[in-house]
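Below is input15.cif, which holds mmCIF, C-alpha atoms.
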data_run
loop_
_atom_site.label_atom_id
_atom_site.label_comp_id
_atom_site.auth_asym_id
_atom_site.auth_seq_id
_atom_site.Cartn_x
_atom_site.Cartn_y
_atom_site.Cartn_z
CA MET A 1051 18.35 -13.08 18.40
CA ASN A 1052 17.95 -16.78 19.03
CA PRO A 1053 20.13 -19.08 16.88
CA ASN A 1054 17.18 -20.76 15.18
CA CYS A 1055 15.76 -17.47 13.96
CA THR A 1056 19.18 -16.14 12.95
CA GLN A 1057 19.85 -19.26 10.93
CA LYS A 1058 16.57 -18.93 9.09
CA LEU A 1059 17.16 -15.26 8.33
CA GLN A 1060 20.65 -15.99 7.02
CA LYS A 1061 19.25 -18.71 4.80
CA MET A 1062 16.69 -16.24 3.46
CA SER A 1063 19.21 -13.42 3.04
CA LEU A 1064 19.94 -12.33 -0.50
CA TRP A 1065 22.83 -10.08 0.48
CA PRO A 1066 26.49 -10.97 0.79
CA SER A 1067 27.17 -11.31 4.52
CA ASN A 1068 29.98 -8.71 4.49
CA ILE A 1069 27.70 -5.82 3.47
CA HIS A 1070 26.54 -3.49 6.25
CA LEU A 1071 23.04 -2.16 5.77
CA GLN A 1072 21.16 0.47 7.75
CA ASP A 1073 18.52 -1.08 9.99
CA TYR A 1074 15.44 1.11 9.53
CA SER A 1075 13.66 -0.45 12.49
CA GLU A 1076 16.01 1.12 15.03
CA PRO A 1077 14.52 3.98 17.11
CA ASN A 1078 14.93 7.49 15.70
CA GLU A 1079 13.99 11.01 16.74
CA SER A 1080 10.66 10.89 14.89
CA TRP A 1081 9.33 8.17 17.17
CA SER A 1082 6.67 9.30 19.62
CA PRO A 1083 7.04 8.41 23.32
CA GLU A 1084 4.35 5.71 22.86
CA MET A 1085 6.29 4.14 19.99
CA ARG A 1086 9.51 4.17 21.96
CA GLN A 1087 7.83 2.74 25.07
CA LEU A 1088 6.39 -0.20 23.13
CA TYR A 1089 9.76 -0.79 21.48
CA ASP A 1090 11.46 -0.89 24.88
CA GLN A 1091 8.78 -3.19 26.22
CA TYR A 1092 9.37 -5.80 23.50
CA ILE A 1093 13.14 -5.34 23.52
CA ALA A 1094 13.05 -6.28 27.20
CA LEU A 1095 11.45 -9.59 26.23
CA CYS A 1096 14.30 -10.37 23.80
CA GLU A 1097 16.67 -11.22 26.64
CA VAL A 1098 15.89 -12.95 29.91
CA ARG A 1099 18.06 -13.28 33.02
CA THR A 1100 18.14 -16.70 34.66
CA ASP A 1101 18.12 -17.24 38.44
CA GLY A 1102 21.88 -17.68 38.21
CA GLY A 1103 22.24 -14.21 36.68
CA GLU A 1104 22.99 -15.51 33.19
CA VAL A 1105 21.55 -13.58 30.22
CA LYS A 1106 19.78 -15.73 27.63
CA THR A 1107 17.80 -15.05 24.49
CA GLY A 1108 14.15 -14.51 25.33
CA PRO A 1109 10.99 -15.60 23.53
CA TRP A 1110 10.98 -12.55 21.24
CA GLN A 1111 13.50 -11.32 18.66
CA LYS A 1112 13.62 -7.91 16.99
CA LEU A 1113 13.94 -8.31 13.23
CA PRO A 1114 16.13 -5.93 11.26
CA SER A 1115 14.60 -4.01 8.33
CA TYR A 1116 16.40 -2.72 5.25
CA ASN A 1117 15.42 -0.61 2.25
CA ARG A 1118 16.55 -3.05 -0.42
CA THR A 1119 15.45 -6.58 -1.11
CA LEU A 1120 18.32 -7.82 -3.24
CA LYS A 1121 22.06 -7.90 -3.55
CA HIS A 1122 22.90 -4.44 -2.25
CA GLY A 1123 26.45 -3.61 -3.28
CA ILE A 1124 26.74 -6.36 -5.85
CA VAL A 1125 28.50 -5.20 -8.99
CA ALA A 1126 26.33 -4.61 -12.02
CA ALA A 1127 27.70 -7.62 -13.91
CA GLN A 1128 26.45 -9.99 -11.21
CA ARG A 1129 23.05 -8.35 -10.77
CA PRO A 1130 20.18 -9.90 -12.71
CA LYS A 1131 19.46 -7.64 -15.68
CA THR A 1132 15.83 -7.38 -14.65
CA ILE A 1133 16.72 -5.69 -11.35
CA ASP A 1134 16.79 -1.88 -11.28
CA PRO A 1135 19.71 -0.84 -8.99
CA ARG A 1136 17.59 2.11 -7.77
CA ALA A 1137 14.91 -0.28 -6.52
CA ARG A 1138 13.88 0.26 -2.91
CA LEU A 1139 11.56 -1.68 -0.64
CA PHE A 1140 8.16 0.00 -0.85
CA THR A 1141 7.80 0.46 2.92
CA ARG A 1142 11.28 1.98 3.31
CA ASN A 1143 11.41 4.19 0.24
CA VAL A 1144 11.21 7.57 2.00
CA GLU A 1145 14.41 8.77 3.67
CA GLU A 1146 12.79 11.52 5.79
CA LYS A 1147 12.39 10.05 9.26
CA GLY A 1148 8.82 9.82 10.48
CA ALA A 1149 7.30 10.91 7.15
CA ALA A 1150 6.00 7.53 6.01
CA PHE A 1151 6.17 4.04 7.55
CA GLU A 1152 7.95 3.83 10.91
CA TYR A 1153 7.74 0.28 12.18
CA VAL A 1154 9.54 -2.51 13.93
CA VAL A 1155 8.65 -6.20 13.93
CA PHE A 1156 9.27 -8.53 16.87
CA MET A 1157 9.07 -12.26 16.18
CA ASN A 1158 8.15 -15.07 18.54
CA ASP A 1159 9.49 -18.14 16.78
CA GLN A 1160 8.12 -20.76 19.16
CA GLU A 1161 4.61 -19.36 19.18
CA ARG A 1162 4.72 -18.66 15.43
CA ARG A 1163 3.49 -15.13 15.89
CA CYS A 1164 4.83 -11.61 15.66
CA VAL A 1165 3.93 -8.10 16.66
CA CYS A 1166 4.64 -4.89 14.81
CA VAL A 1167 4.71 -1.44 16.36
CA PHE A 1168 3.68 1.00 13.63
CA GLN A 1169 3.69 4.80 13.52
CA SER A 1170 2.11 6.36 10.45
CA GLY A 1171 3.65 9.49 8.94
CA HIS A 1172 2.05 12.43 7.14
CA LEU A 1173 2.81 10.99 3.68
CA LEU A 1174 0.42 8.06 4.19
CA GLU A 1175 -2.84 10.00 4.04
CA GLY A 1176 -6.07 8.68 2.60
CA PRO A 1177 -9.24 10.33 3.95
CA PRO A 1178 -8.27 13.70 5.49
CA GLY A 1179 -6.48 13.05 8.77
CA TYR A 1180 -6.51 9.27 8.39
CA VAL A 1181 -4.20 6.60 6.99
CA HIS A 1182 -4.87 5.45 3.40
CA ALA A 1183 -6.47 1.99 3.25
CA GLY A 1184 -3.66 1.02 0.87
CA ALA A 1185 -1.05 1.98 3.47
CA VAL A 1186 -2.91 -0.11 6.06
CA ALA A 1187 -3.00 -3.00 3.56
CA THR A 1188 0.73 -2.50 2.98
CA MET A 1189 1.50 -2.91 6.67
CA PHE A 1190 -0.65 -6.06 6.78
CA SER A 1191 1.17 -7.39 3.74
CA THR A 1192 4.54 -6.60 5.33
CA VAL A 1193 3.80 -8.11 8.74
CA THR A 1194 2.10 -11.27 7.48
CA THR A 1195 4.82 -11.85 4.86
CA THR A 1196 7.53 -11.43 7.49
CA LEU A 1197 5.82 -14.00 9.70
CA SER A 1198 5.26 -16.51 6.92
CA MET A 1199 8.95 -16.28 5.99
CA LEU A 1200 9.56 -18.51 9.02
CA PHE A 1201 8.77 -21.22 6.48
CA GLY A 1202 11.20 -19.99 3.80
CA ARG A 1203 10.59 -17.68 0.87
CA VAL A 1204 6.94 -17.05 0.12
CA LEU A 1205 4.58 -15.32 -2.24
CA THR A 1206 1.30 -13.72 -1.17
CA ALA A 1207 -1.70 -15.55 -2.64
CA ASN A 1208 -4.56 -13.84 -0.81
CA LEU A 1209 -5.06 -10.90 1.53
CA ASN A 1210 -8.57 -10.31 2.88
CA LEU A 1211 -8.89 -7.11 4.90
CA ASN A 1212 -11.79 -5.86 7.00
CA PHE A 1213 -11.44 -2.16 7.72
CA ARG A 1214 -13.34 -1.60 10.98
CA SER A 1215 -12.33 1.94 11.84
CA PRO A 1216 -10.06 4.49 10.13
CA VAL A 1217 -6.55 4.87 11.60
CA PRO A 1218 -5.69 8.45 12.68
CA LEU A 1219 -2.72 9.79 10.72
CA GLY A 1220 0.34 10.12 12.95
CA SER A 1221 -0.90 7.63 15.53
CA VAL A 1222 0.89 4.53 16.81
CA SER A 1223 -0.79 1.17 16.46
CA LEU A 1224 -0.05 -2.48 17.18
CA ILE A 1225 -0.24 -5.19 14.54
CA HIS A 1226 -0.45 -8.74 15.88
CA SER A 1227 -0.10 -11.63 13.48
CA ALA A 1228 -0.15 -15.40 14.01
CA VAL A 1229 0.19 -18.52 11.88
CA ASP A 1230 -3.21 -20.18 11.87
CA LYS A 1231 -2.30 -23.40 10.06
CA VAL A 1232 0.08 -24.86 7.46
CA GLU A 1233 -1.10 -27.25 4.75
CA GLY A 1234 1.63 -28.36 2.37
CA ARG A 1235 2.89 -25.21 0.64
CA LYS A 1236 0.00 -23.14 2.02
CA ILE A 1237 0.52 -20.96 5.06
CA PHE A 1238 -2.61 -19.41 6.61
CA VAL A 1239 -2.06 -16.31 8.70
CA THR A 1240 -4.32 -14.00 10.72
CA CYS A 1241 -3.57 -10.41 11.55
CA ARG A 1242 -5.15 -7.47 13.37
CA MET A 1243 -4.29 -3.81 13.85
CA THR A 1244 -5.40 -2.06 17.02
CA SER A 1245 -4.79 1.04 19.08
CA ILE A 1246 -1.79 0.66 21.41
CA ASP A 1247 -4.00 -0.27 24.39
CA GLU A 1248 -5.69 -2.80 22.08
CA SER A 1249 -9.13 -1.40 22.98
CA LYS A 1250 -9.88 -0.23 19.43
CA LEU A 1251 -9.78 -2.60 16.47
CA TYR A 1252 -8.80 -0.74 13.29
CA THR A 1253 -8.51 -3.59 10.79
CA ASP A 1254 -8.35 -7.38 10.82
CA ALA A 1255 -7.34 -9.71 8.02
CA THR A 1256 -6.49 -13.19 6.88
CA ALA A 1257 -3.63 -13.93 4.51
CA LEU A 1258 -2.58 -16.95 2.51
CA PHE A 1259 0.98 -17.54 1.38
CA LEU A 1260 2.63 -20.11 -0.87
CA SER A 1261 6.11 -21.28 0.04
CA GLY A 1262 8.85 -23.11 -1.87
CA LYS A 1263 10.07 -23.31 -5.45
CA LEU A 1264 10.11 -19.54 -5.93
CA GLY A 1265 13.62 -19.25 -7.38
CA HIS A 1266 12.19 -17.91 -10.65
CA VAL A 1267 10.81 -14.97 -8.68
CA PHE A 1268 13.72 -14.35 -6.35
CA GLY A 1269 16.42 -14.62 -9.01
CA THR A 1270 18.09 -17.64 -7.37
CA LYS A 1271 17.51 -20.91 -9.12
CA SER A 1272 18.58 -22.98 -6.13
CA VAL A 1273 15.83 -21.75 -3.80
CA MET B 463 -15.80 15.57 -18.70
CA ASN B 464 -19.51 15.00 -18.81
CA PRO B 465 -21.61 17.39 -16.71
CA ASN B 466 -22.99 14.63 -14.49
CA CYS B 467 -19.55 13.43 -13.48
CA THR B 468 -18.21 16.97 -13.07
CA GLN B 469 -21.12 17.84 -10.81
CA LYS B 470 -20.49 14.81 -8.63
CA LEU B 471 -16.78 15.54 -8.37
CA GLN B 472 -17.44 19.17 -7.43
CA LYS B 473 -19.86 18.03 -4.75
CA MET B 474 -17.21 15.69 -3.39
CA SER B 475 -14.41 18.25 -3.60
CA LEU B 476 -12.99 19.45 -0.31
CA TRP B 477 -10.96 22.26 -1.86
CA PRO B 478 -12.05 25.82 -2.49
CA SER B 479 -12.82 26.04 -6.20
CA ASN B 480 -10.39 28.94 -6.77
CA ILE B 481 -7.29 26.90 -5.86
CA HIS B 482 -5.23 25.54 -8.73
CA LEU B 483 -3.69 22.16 -8.02
CA GLN B 484 -1.24 20.13 -10.07
CA ASP B 485 -2.93 17.22 -11.80
CA TYR B 486 -0.58 14.27 -11.26
CA SER B 487 -2.39 12.12 -13.81
CA GLU B 488 -1.20 14.21 -16.75
CA PRO B 489 1.46 12.57 -18.97
CA ASN B 490 5.08 13.23 -18.02
CA GLU B 491 8.52 12.27 -19.37
CA SER B 492 8.72 9.17 -17.15
CA TRP B 493 5.83 7.52 -18.93
CA SER B 494 6.77 4.63 -21.19
CA PRO B 495 5.46 4.53 -24.79
CA GLU B 496 2.94 1.85 -23.71
CA MET B 497 1.62 4.06 -20.92
CA ARG B 498 1.30 7.04 -23.23
CA GLN B 499 -0.39 4.97 -25.93
CA LEU B 500 -3.03 3.68 -23.52
CA TYR B 501 -3.57 7.21 -22.20
CA ASP B 502 -4.11 8.51 -25.74
CA GLN B 503 -6.45 5.62 -26.49
CA TYR B 504 -8.75 6.45 -23.56
CA ILE B 505 -8.44 10.21 -24.06
CA ALA B 506 -9.78 9.65 -27.56
CA LEU B 507 -12.90 8.10 -26.03
CA CYS B 508 -13.52 11.17 -23.86
CA GLU B 509 -14.76 13.20 -26.83
CA VAL B 510 -16.80 12.00 -29.79
CA ARG B 511 -17.54 13.79 -33.04
CA THR B 512 -21.11 13.63 -34.28
CA ASP B 513 -22.05 13.19 -37.96
CA GLY B 514 -22.60 16.94 -38.10
CA GLY B 515 -19.00 17.54 -36.98
CA GLU B 516 -19.94 18.63 -33.48
CA VAL B 517 -17.64 17.56 -30.62
CA LYS B 518 -19.46 16.06 -27.64
CA THR B 519 -18.37 14.47 -24.40
CA GLY B 520 -17.80 10.75 -24.88
CA PRO B 521 -18.55 7.79 -22.63
CA TRP B 522 -15.26 8.12 -20.72
CA GLN B 523 -13.86 10.94 -18.60
CA LYS B 524 -10.31 11.36 -17.37
CA LEU B 525 -10.30 12.10 -13.65
CA PRO B 526 -7.79 14.56 -12.22
CA SER B 527 -5.50 13.43 -9.38
CA TYR B 528 -3.94 15.62 -6.71
CA ASN B 529 -1.49 15.05 -3.89
CA ARG B 530 -3.66 16.40 -1.09
CA THR B 531 -7.02 15.28 0.14
CA LEU B 532 -8.14 18.34 2.05
CA LYS B 533 -8.35 22.07 1.91
CA HIS B 534 -5.08 22.83 0.15
CA GLY B 535 -4.28 26.49 0.67
CA ILE B 536 -6.73 27.00 3.47
CA VAL B 537 -5.29 29.17 6.22
CA ALA B 538 -4.28 27.39 9.39
CA ALA B 539 -7.10 28.91 11.45
CA GLN B 540 -9.71 27.29 9.20
CA ARG B 541 -8.03 23.91 8.99
CA PRO B 542 -9.21 21.24 11.42
CA LYS B 543 -6.63 20.94 14.19
CA THR B 544 -6.33 17.22 13.56
CA ILE B 545 -5.04 17.77 10.01
CA ASP B 546 -1.26 17.94 9.49
CA PRO B 547 -0.61 20.59 6.80
CA ARG B 548 2.25 18.42 5.47
CA ALA B 549 -0.15 15.54 4.81
CA ARG B 550 0.01 14.13 1.29
CA LEU B 551 -2.07 11.53 -0.48
CA PHE B 552 -0.24 8.21 -0.08
CA THR B 553 -0.19 7.43 -3.82
CA ARG B 554 1.12 10.90 -4.76
CA ASN B 555 3.67 11.45 -1.99
CA VAL B 556 6.84 11.12 -4.10
CA GLU B 557 7.72 14.15 -6.25
CA GLU B 558 10.28 12.35 -8.47
CA LYS B 559 8.45 11.51 -11.69
CA GLY B 560 8.23 7.82 -12.46
CA ALA B 561 9.73 6.72 -9.14
CA ALA B 562 6.56 5.49 -7.47
CA PHE B 563 2.91 5.39 -8.61
CA GLU B 564 2.26 6.76 -12.10
CA TYR B 565 -1.40 6.30 -12.91
CA VAL B 566 -4.43 7.81 -14.51
CA VAL B 567 -8.07 6.83 -13.99
CA PHE B 568 -10.74 7.04 -16.69
CA MET B 569 -14.35 6.81 -15.55
CA ASN B 570 -17.37 5.55 -17.46
CA ASP B 571 -20.28 7.01 -15.52
CA GLN B 572 -23.09 5.30 -17.40
CA GLU B 573 -21.56 1.85 -17.19
CA ARG B 574 -20.46 2.41 -13.58
CA ARG B 575 -16.95 1.23 -14.31
CA CYS B 576 -13.49 2.68 -14.64
CA VAL B 577 -10.06 1.77 -15.94
CA CYS B 578 -6.70 2.78 -14.57
CA VAL B 579 -3.44 2.76 -16.51
CA PHE B 580 -0.67 2.13 -13.98
CA GLN B 581 3.10 2.25 -14.32
CA SER B 582 5.07 1.08 -11.28
CA GLY B 583 8.27 2.88 -10.32
CA HIS B 584 11.45 1.56 -8.70
CA LEU B 585 10.37 2.68 -5.22
CA LEU B 586 7.51 0.16 -5.11
CA GLU B 587 9.58 -2.99 -4.83
CA GLY B 588 8.56 -6.09 -2.88
CA PRO B 589 10.18 -9.34 -4.07
CA PRO B 590 13.31 -8.47 -6.09
CA GLY B 591 12.20 -7.09 -9.45
CA TYR B 592 8.51 -7.18 -8.63
CA VAL B 593 5.93 -4.78 -7.21
CA HIS B 594 5.21 -5.07 -3.45
CA ALA B 595 1.86 -6.74 -2.71
CA GLY B 596 1.05 -3.69 -0.58
CA ALA B 597 1.60 -1.38 -3.55
CA VAL B 598 -0.69 -3.57 -5.65
CA ALA B 599 -3.27 -3.45 -2.84
CA THR B 600 -2.86 0.33 -2.73
CA MET B 601 -3.70 0.65 -6.42
CA PHE B 602 -6.75 -1.58 -5.93
CA SER B 603 -7.82 0.54 -2.98
CA THR B 604 -7.34 3.72 -5.00
CA VAL B 605 -9.18 2.56 -8.11
CA THR B 606 -12.12 0.94 -6.32
CA THR B 607 -12.51 3.92 -3.97
CA THR B 608 -12.49 6.31 -6.91
CA LEU B 609 -15.22 4.28 -8.60
CA SER B 610 -17.38 3.98 -5.50
CA MET B 611 -17.22 7.76 -5.02
CA LEU B 612 -19.77 7.96 -7.82
CA PHE B 613 -22.16 7.39 -4.90
CA GLY B 614 -20.72 10.14 -2.68
CA ARG B 615 -18.07 9.93 0.00
CA VAL B 616 -17.22 6.43 1.07
CA LEU B 617 -15.14 4.40 3.47
CA THR B 618 -13.54 1.06 2.59
CA ALA B 619 -15.07 -1.79 4.60
CA ASN B 620 -13.46 -4.80 2.90
CA LEU B 621 -10.79 -5.48 0.31
CA ASN B 622 -10.21 -9.11 -0.69
CA LEU B 623 -7.26 -9.58 -3.02
CA ASN B 624 -6.14 -12.67 -4.91
CA PHE B 625 -2.56 -12.31 -6.09
CA ARG B 626 -2.30 -14.58 -9.17
CA SER B 627 1.08 -13.56 -10.54
CA PRO B 628 3.72 -11.04 -9.41
CA VAL B 629 3.79 -7.70 -11.28
CA PRO B 630 7.18 -6.88 -12.86
CA LEU B 631 8.62 -3.66 -11.41
CA GLY B 632 8.57 -0.87 -13.99
CA SER B 633 5.86 -2.47 -16.11
CA VAL B 634 2.58 -0.92 -17.21
CA SER B 635 -0.66 -2.64 -16.29
CA LEU B 636 -4.37 -2.09 -16.66
CA ILE B 637 -6.78 -2.05 -13.73
CA HIS B 638 -10.43 -2.50 -14.62
CA SER B 639 -13.06 -1.96 -11.95
CA ALA B 640 -16.86 -2.17 -12.03
CA VAL B 641 -19.74 -1.67 -9.60
CA ASP B 642 -21.24 -5.09 -9.01
CA LYS B 643 -24.27 -4.06 -6.95
CA VAL B 644 -25.52 -1.45 -4.49
CA GLU B 645 -27.54 -2.38 -1.40
CA GLY B 646 -28.48 0.58 0.78
CA ARG B 647 -25.23 2.12 1.98
CA LYS B 648 -23.22 -0.85 0.69
CA ILE B 649 -21.39 -0.63 -2.63
CA PHE B 650 -19.91 -3.87 -3.98
CA VAL B 651 -17.09 -3.48 -6.47
CA THR B 652 -14.95 -5.90 -8.48
CA CYS B 653 -11.49 -5.16 -9.79
CA ARG B 654 -8.70 -6.85 -11.74
CA MET B 655 -5.17 -5.94 -12.74
CA THR B 656 -3.74 -7.37 -15.96
CA SER B 657 -0.91 -6.92 -18.42
CA ILE B 658 -1.68 -4.22 -21.01
CA ASP B 659 -2.84 -6.78 -23.60
CA GLU B 660 -5.04 -8.28 -20.84
CA SER B 661 -3.61 -11.76 -21.50
CA LYS B 662 -2.02 -12.06 -18.04
CA LEU B 663 -4.04 -11.69 -14.86
CA TYR B 664 -1.89 -10.29 -12.05
CA THR B 665 -4.45 -9.79 -9.30
CA ASP B 666 -8.22 -9.73 -8.89
CA ALA B 667 -10.24 -8.47 -5.98
CA THR B 668 -13.61 -7.59 -4.55
CA ALA B 669 -14.19 -4.50 -2.45
CA LEU B 670 -17.01 -3.30 -0.22
CA PHE B 671 -17.60 0.35 0.56
CA LEU B 672 -19.98 2.18 2.91
CA SER B 673 -21.37 5.49 1.75
CA GLY B 674 -23.07 8.38 3.53
CA LYS B 675 -22.93 10.02 6.96
CA LEU B 676 -19.13 10.20 7.01
CA GLY B 677 -18.81 13.85 8.02
CA HIS B 678 -17.05 12.83 11.23
CA VAL B 679 -14.29 11.30 9.11
CA PHE B 680 -14.06 13.93 6.39
CA GLY B 681 -14.14 16.90 8.75
CA THR B 682 -17.34 18.30 7.26
CA LYS B 683 -20.40 17.86 9.44
CA SER B 684 -22.79 18.55 6.59
CA VAL B 685 -21.75 15.59 4.46
#
Here is the file; what I need is its structure written in the form of structure tokens.
Amino acid sequence: MNPNCTQKLQKMSLWPSNIHLQDYSEPNESWSPEMRQLYDQYIALCEVRTDGGEVKTGPWQKLPSYNRTLKHGIVAAQRPKTIDPRARLFTRNVEEKGAAFEYVVFMNDQERRCVCVFQSGHLLEGPPGYVHAGAVATMFSTVTTTLSMLFGRVLTANLNLNFRSPVPLGSVSLIHSAVDKVEGRKIFVTCRMTSIDESKLYTDATALFLSGKLGHVFGTKSV
Amino acid sequence: MNPNCTQKLQKMSLWPSNIHLQDYSEPNESWSPEMRQLYDQYIALCEVRTDGGEVKTGPWQKLPSYNRTLKHGIVAAQRPKTIDPRARLFTRNVEEKGAAFEYVVFMNDQERRCVCVFQSGHLLEGPPGYVHAGAVATMFSTVTTTLSMLFGRVLTANLNLNFRSPVPLGSVSLIHSAVDKVEGRKIFVTCRMTSIDESKLYTDATALFLSGKLGHVFGTKSV
């Protein structure tokens, strides 16, 4: 991971740095060959070898993904009373591998864009045999929020989704997202979900985020 | 349930009529007093007593809610090959009561509107202590789709959400939705999520659905 991105993630982190958390975006046995191939393809872009044989960080970084958003392992007395210790991140709330959201996000800091490789599990059904529009919306929310967090902590203000074609349940898809523009606290993001060869557009969307002065939401007055 | 609504739901049903399914929108021990009170309030509107003491169906009907979308109990040979028998409806995929989406939808056929009482569980977290924007979007998708199904089977074309204020995790909220207009195959729907006293607006949205000729999606050529 390049130092710039690492620094930003550490700044955003709400966990004590000595806590080890499971990274849910690592490959597991539920991943299809297509999912694994795309993962490997982007992982290869995370490190580049110079002419002199030196290994350097590449243009992409794989982001870790946990199933809690706050203060895992903090003793009850220090935890804000409003926080339920059983709380789990919505997209990582099912322990059975492959049953719900399998995904990994790769970030390209310089180009202010990211890509997510997403495999839908059998618990995400909407119309028979297809992914629920709410589950599609959830992935858009997740990917666009992750991208906009390059600018600090954010809240979603708007998410406008055009569902072009239903997503087959169990399939792998690509979600590309890019920062369109930034105006003061407003971050405008675009996003699209396609088949893995990008020939079929499933859904596209725009999202608007507000950054800054969100300590009242995140339980940290200083941020 | 009034006969008109029942007829429409039966027409839409993809299950054999002799299969008994658990109705996940019935009250359970995880429901807070507020949730139960709102449920009772709308249930009371489902039946009205005439001056002569006769009990008649009222303006509202409680809709049942299952955890499968297709052909539960159908033998494998009859099930479309594309359908995973483990598939579960996204909003009903967690068996632990109160952990994820607890909700019940009441429909007002004549006024082409519905209301959903929604209690968020600890597995729906986004920002610490608040519901994930994707989970909010999922409830909007669910409620607006349910309403638009008054016009037959539908697919979501657009969902445009304005997130006004984050929803506290574990809270109960109301989701009101109404048909705005119908133009050919297009059904335009509005929707808003508020606190139970309706003083605080959490999110509002518009949705567009397409009805008709969706047999290729629903696995039934005749519909």
* To do: Quick one: apply the PyMOL selection byres ((chain B) within 8 of (chain A)) to the file and drop the selected residues here as number ranges by chain.
  => B: 531-532, 544-546, 548-552, 555, 584-591, 594-597, 599-604, 618-626, 679-681
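With all atoms listed in the file as the atoms that count, the minimum distance from Glu1076 in chain A to the choices A:Ser1223, A:Gln1091, A:Thr1107, A:Ser1115 is reached by A:Ser1115.
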* **Local residues around (-16.6, 9.7, -21.3), at most 9 Å away, using only C-alpha atoms, as an NGL selection string** => :B and (463-464 or 504-505 or 507-510 or 519-524 or 568-572)
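The two atoms in question, CA of Asp1247 in chain A and CA of Gln1169 in chain A, are spaced 14.2 Å apart.
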* Considering only C-alpha atoms, return as a ChimeraX atom specification whatever protein or nucleic-acid residues lie within 8 Å of range 1083-1090 of chain A, sequence-local ones (same chain, fewer than 2 positions apart) excluded. => /A:1077,1081,1092-1094,1154,1167-1169,1222
* **Shell of 9 Å around Glu1079 in chain A, all atoms listed in the file, local chain residues under 3 positions omitted, as a PyMOL selection string** => chain A and resi 1082+1147-1148
